[in-house]
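S.K.: I'm passing along query_30.cif; it holds mmCIF, C-alpha atoms.
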```cif
data_query
loop_
_atom_site.label_atom_id
_atom_site.label_comp_id
_atom_site.auth_asym_id
_atom_site.auth_seq_id
_atom_site.Cartn_x
_atom_site.Cartn_y
_atom_site.Cartn_z
CA SER A 18 285.20 -20.83 230.03
CA ARG A 19 287.76 -21.35 227.24
CA GLN A 20 286.56 -24.91 226.87
CA ALA A 21 282.95 -23.83 226.86
CA SER A 22 283.58 -21.35 224.06
CA ALA A 23 285.58 -23.96 222.17
CA VAL A 24 282.74 -26.46 222.62
CA SER A 25 280.19 -23.95 221.39
CA LEU A 26 282.34 -23.08 218.36
CA THR A 27 283.08 -26.64 217.36
CA SER A 28 279.63 -27.96 218.03
CA THR A 29 278.21 -25.45 215.59
CA ASN A 30 280.79 -26.40 212.94
CA SER A 31 280.24 -29.26 210.58
CA GLY A 32 282.83 -31.41 212.34
CA GLY A 33 280.79 -31.51 215.52
CA LEU A 34 282.06 -33.04 218.70
CA ARG A 35 284.56 -35.30 217.02
CA SER A 36 286.86 -32.44 215.95
CA LEU A 37 286.76 -31.00 219.47
CA HIS A 38 287.75 -34.38 220.89
CA ASP A 39 290.58 -34.62 218.42
CA LYS A 40 291.73 -31.15 219.30
CA LEU A 41 291.70 -31.84 223.01
CA MET A 42 293.47 -35.17 222.63
CA SER A 43 296.15 -33.80 220.30
CA PRO A 44 299.75 -34.83 221.22
CA ASP A 45 300.81 -31.17 221.00
CA ARG A 46 298.53 -30.48 223.90
CA HIS A 47 299.96 -33.16 226.13
CA ARG A 48 303.61 -32.69 225.31
CA ARG A 49 305.88 -32.24 228.33
CA GLN A 50 307.58 -28.88 228.53
CA ARG A 51 311.14 -28.37 229.60
CA PRO A 52 311.69 -26.79 233.02
CA ASP A 53 313.37 -23.72 231.57
CA GLU A 54 310.42 -23.25 229.21
CA VAL A 55 307.98 -23.65 232.10
CA MET A 56 310.02 -21.15 234.08
CA ARG A 57 310.10 -18.73 231.14
CA LYS A 58 306.31 -18.99 230.71
CA HIS A 59 305.84 -18.60 234.44
CA ASP A 60 308.13 -15.54 234.49
CA GLU A 61 306.33 -14.12 231.47
CA ARG A 62 302.96 -14.62 233.11
CA HIS A 63 304.32 -13.14 236.34
CA ARG A 64 305.78 -10.16 234.46
CA LEU A 65 302.44 -9.59 232.69
CA ALA A 66 300.57 -9.91 235.99
CA VAL A 67 302.93 -7.38 237.62
CA GLN A 68 302.49 -5.04 234.64
CA ARG A 69 298.71 -5.35 234.85
CA LYS A 70 298.87 -4.84 238.61
CA GLU A 71 301.10 -1.75 238.18
CA ALA A 72 298.83 -0.45 235.42
CA LEU A 73 295.79 -0.96 237.65
CA GLU A 74 297.61 0.67 240.57
CA ALA A 75 298.64 3.60 238.34
CA LEU A 76 295.04 3.90 237.14
CA ARG A 77 293.82 3.75 240.73
CA GLN A 78 296.37 6.37 241.78
CA GLU A 79 295.34 8.57 238.84
CA LYS A 80 291.71 8.21 239.87
CA LEU A 81 292.64 9.06 243.44
CA ARG A 82 294.62 12.10 242.27
CA GLY A 83 291.65 13.15 240.12
CA ALA A 84 289.28 12.65 243.05
CA GLU A 85 291.63 14.56 245.36
CA GLN A 86 291.95 17.35 242.78
CA LEU A 87 288.16 17.46 242.46
CA ARG A 88 287.85 17.54 246.25
CA GLN A 89 290.40 20.35 246.46
CA ASP A 90 288.57 22.27 243.72
CA LYS A 91 285.26 21.84 245.54
CA LEU A 92 286.86 22.94 248.81
CA ARG A 93 288.33 25.97 247.04
CA GLN A 94 284.96 26.80 245.50
CA LEU A 95 283.26 26.37 248.87
CA GLN A 96 285.85 28.63 250.51
CA GLN A 97 285.37 31.23 247.75
CA ARG A 98 281.59 31.04 248.22
CA ARG A 99 282.02 31.44 251.97
CA GLU A 100 284.32 34.42 251.48
CA HIS A 101 281.92 35.94 248.96
CA PHE A 102 279.01 35.35 251.33
CA GLN A 103 280.97 36.81 254.26
CA CYS A 104 281.95 39.83 252.16
CA HIS A 105 278.34 40.25 251.05
CA MET A 106 277.11 39.98 254.66
CA ASP A 107 279.75 42.46 255.82
CA GLN A 108 278.61 44.90 253.12
CA ARG A 109 274.97 44.41 254.11
CA LEU A 110 275.78 44.91 257.79
CA ARG A 111 277.86 48.00 257.02
CA ARG A 112 275.08 49.40 254.82
CA ALA A 113 272.49 48.64 257.53
CA HIS A 114 274.70 50.36 260.10
CA GLU A 115 275.11 53.39 257.82
CA LEU A 116 271.36 53.53 257.20
CA ARG A 117 270.74 53.24 260.95
CA GLN A 118 273.19 56.06 261.62
CA ALA A 119 271.59 58.18 258.89
CA THR A 120 268.14 57.49 260.32
CA LEU A 121 269.30 58.39 263.82
CA LEU A 122 270.95 61.57 262.52
CA GLU A 123 267.76 62.44 260.64
CA LYS A 124 265.69 61.88 263.79
CA GLN A 125 268.13 63.96 265.80
CA MET A 126 267.96 66.80 263.24
CA LYS A 127 264.17 66.59 263.23
CA ALA A 128 264.10 66.68 267.03
CA GLN A 129 266.41 69.69 267.04
CA LYS A 130 264.22 71.38 264.45
CA GLU A 131 261.11 70.66 266.51
CA HIS A 132 262.93 71.88 269.61
CA SER A 133 263.92 75.06 267.83
CA LYS A 134 260.34 75.48 266.64
CA VAL A 135 259.08 75.02 270.18
CA HIS A 136 261.79 77.32 271.46
CA GLY A 137 260.92 79.77 268.68
CA VAL A 138 257.25 79.54 269.61
CA LYS A 139 258.18 80.15 273.22
CA GLN A 140 260.18 83.19 272.15
CA GLU A 141 257.27 84.37 270.04
CA ILE A 142 254.91 83.85 272.96
CA ALA A 143 257.28 85.75 275.26
CA PHE A 144 257.54 88.53 272.64
CA ILE A 145 253.74 88.66 272.28
CA ASP A 146 253.32 88.66 276.07
CA GLN A 147 255.88 91.48 276.29
CA LEU A 148 254.01 93.45 273.59
CA ASN A 149 250.71 92.82 275.39
CA ALA A 150 252.24 93.97 278.69
CA GLU A 151 253.69 97.06 277.03
CA SER A 152 250.34 97.70 275.36
CA LYS A 153 248.50 97.37 278.68
CA THR A 154 251.06 99.61 280.35
CA TYR A 155 250.65 102.15 277.53
CA GLU A 156 246.85 101.97 277.75
CA LEU A 157 246.95 102.27 281.52
CA GLN A 158 249.39 105.19 281.27
CA HIS A 159 247.13 106.76 278.62
CA ARG A 160 244.06 106.26 280.81
CA LEU A 161 245.88 107.67 283.83
CA GLU A 162 246.97 110.68 281.78
CA SER A 163 243.39 111.09 280.47
CA ALA A 164 241.98 110.79 283.98
CA GLU A 165 244.59 113.28 285.24
CA ALA A 166 243.73 115.66 282.39
CA ARG A 167 240.01 115.34 283.18
CA ARG A 168 240.66 115.88 286.86
CA MET A 169 242.74 118.94 286.04
CA GLN A 170 239.97 120.23 283.80
CA SER A 171 237.49 119.52 286.55
CA LEU A 172 239.69 121.32 289.08
CA GLU A 173 240.15 124.22 286.69
CA ALA A 174 236.43 124.32 286.08
CA THR A 175 235.81 124.18 289.80
CA ALA A 176 238.42 126.88 290.38
CA ARG A 177 236.90 129.02 287.64
CA SER A 178 233.43 128.50 288.92
CA SER A 179 234.55 129.27 292.49
CA ALA A 180 236.46 132.31 291.19
CA LYS A 181 233.38 133.32 289.24
CA ALA A 182 231.19 132.66 292.26
CA ALA A 183 233.61 134.65 294.41
CA LYS A 184 233.50 137.47 291.87
CA GLU A 185 229.76 137.36 291.77
CA GLU A 186 229.63 137.26 295.54
CA ALA A 187 232.04 140.17 295.68
CA ALA A 188 230.00 141.99 293.10
CA ARG A 189 226.85 141.26 294.96
CA LEU A 190 228.35 142.46 298.17
CA ARG A 191 229.38 145.68 296.72
#
```
Can you turn what I pasted into structure tokens?

M.R.:
Amino acid sequence: SRQASAVSLTSTNSGGLRSLHDKLMSPDRHRRQRPDEVMRKHDERHRLAVQRKEALEALRQEKLRGAEQLRQDKLRQLQQRREHFQCHMDQRLRRAHELRQATLLEKQMKAQKEHSKVHGVKQEIAFIDQLNAESKTYELQHRLESAEARRMQSLEATARSSAKAAKEEAARLR
């Protein structure tokens, strides 16, 4: 790729292909390097490769830490949402239970009130029946007393008339 870019650069220049050929065939390019220089370049390339590898590894580790942190944050948020939802559901269930208890208490109070009304009506009916019985007893007693008074008057009238008849009979006999 380096050659291709060099070819494209030199081919567009005024020198054309000839300058590229000269550049590639230059004695500086083909000079033999000393072994210590080769080793130094090799070590330098190796050191740079290790640095790049360590930098990439550090970057990868940083990304992993960021991803792990993000995952932990999401888990924490999910846990908080679950706790909030559970708390909300507990409140709703408690409120529903309280409403149910209040409704049952209200029904119980209403039933007791209806029972007391029925019981009160029964007492009123018993009181009215008692008054009616007393009234009938009073009327019957009054009628008996009236009948007794009439019978006494009739007996007195009969006794008077028989006394009068006896007087008249005695007067007639005399």

S.K.: What is the distance, in Å and to one decimal place, between atom CA of His105 of chain A and atom CA of Lys91 of chain A?

M.R.: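 Computed distance, atom CA of His105 of chain A to atom CA of Lys91 of chain A, equals 20.4 Å.
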
S.K.: I'd like the interatomic distance between atom CA of Arg51 of chain A and atom CA of Lys70 of chain A, to a tenth of an Å.

M.R.: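 These two atoms are separated by 28.0 Å.
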
S.K.: Could you please determine the separation between atom CA of Ala128 of chain A and atom CA of His114 of chain A in Å, to one decimal place?

M.R.: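 Straight-line distance from atom CA of Ala128 of chain A to atom CA of His114 of chain A works out to 20.7 Å.
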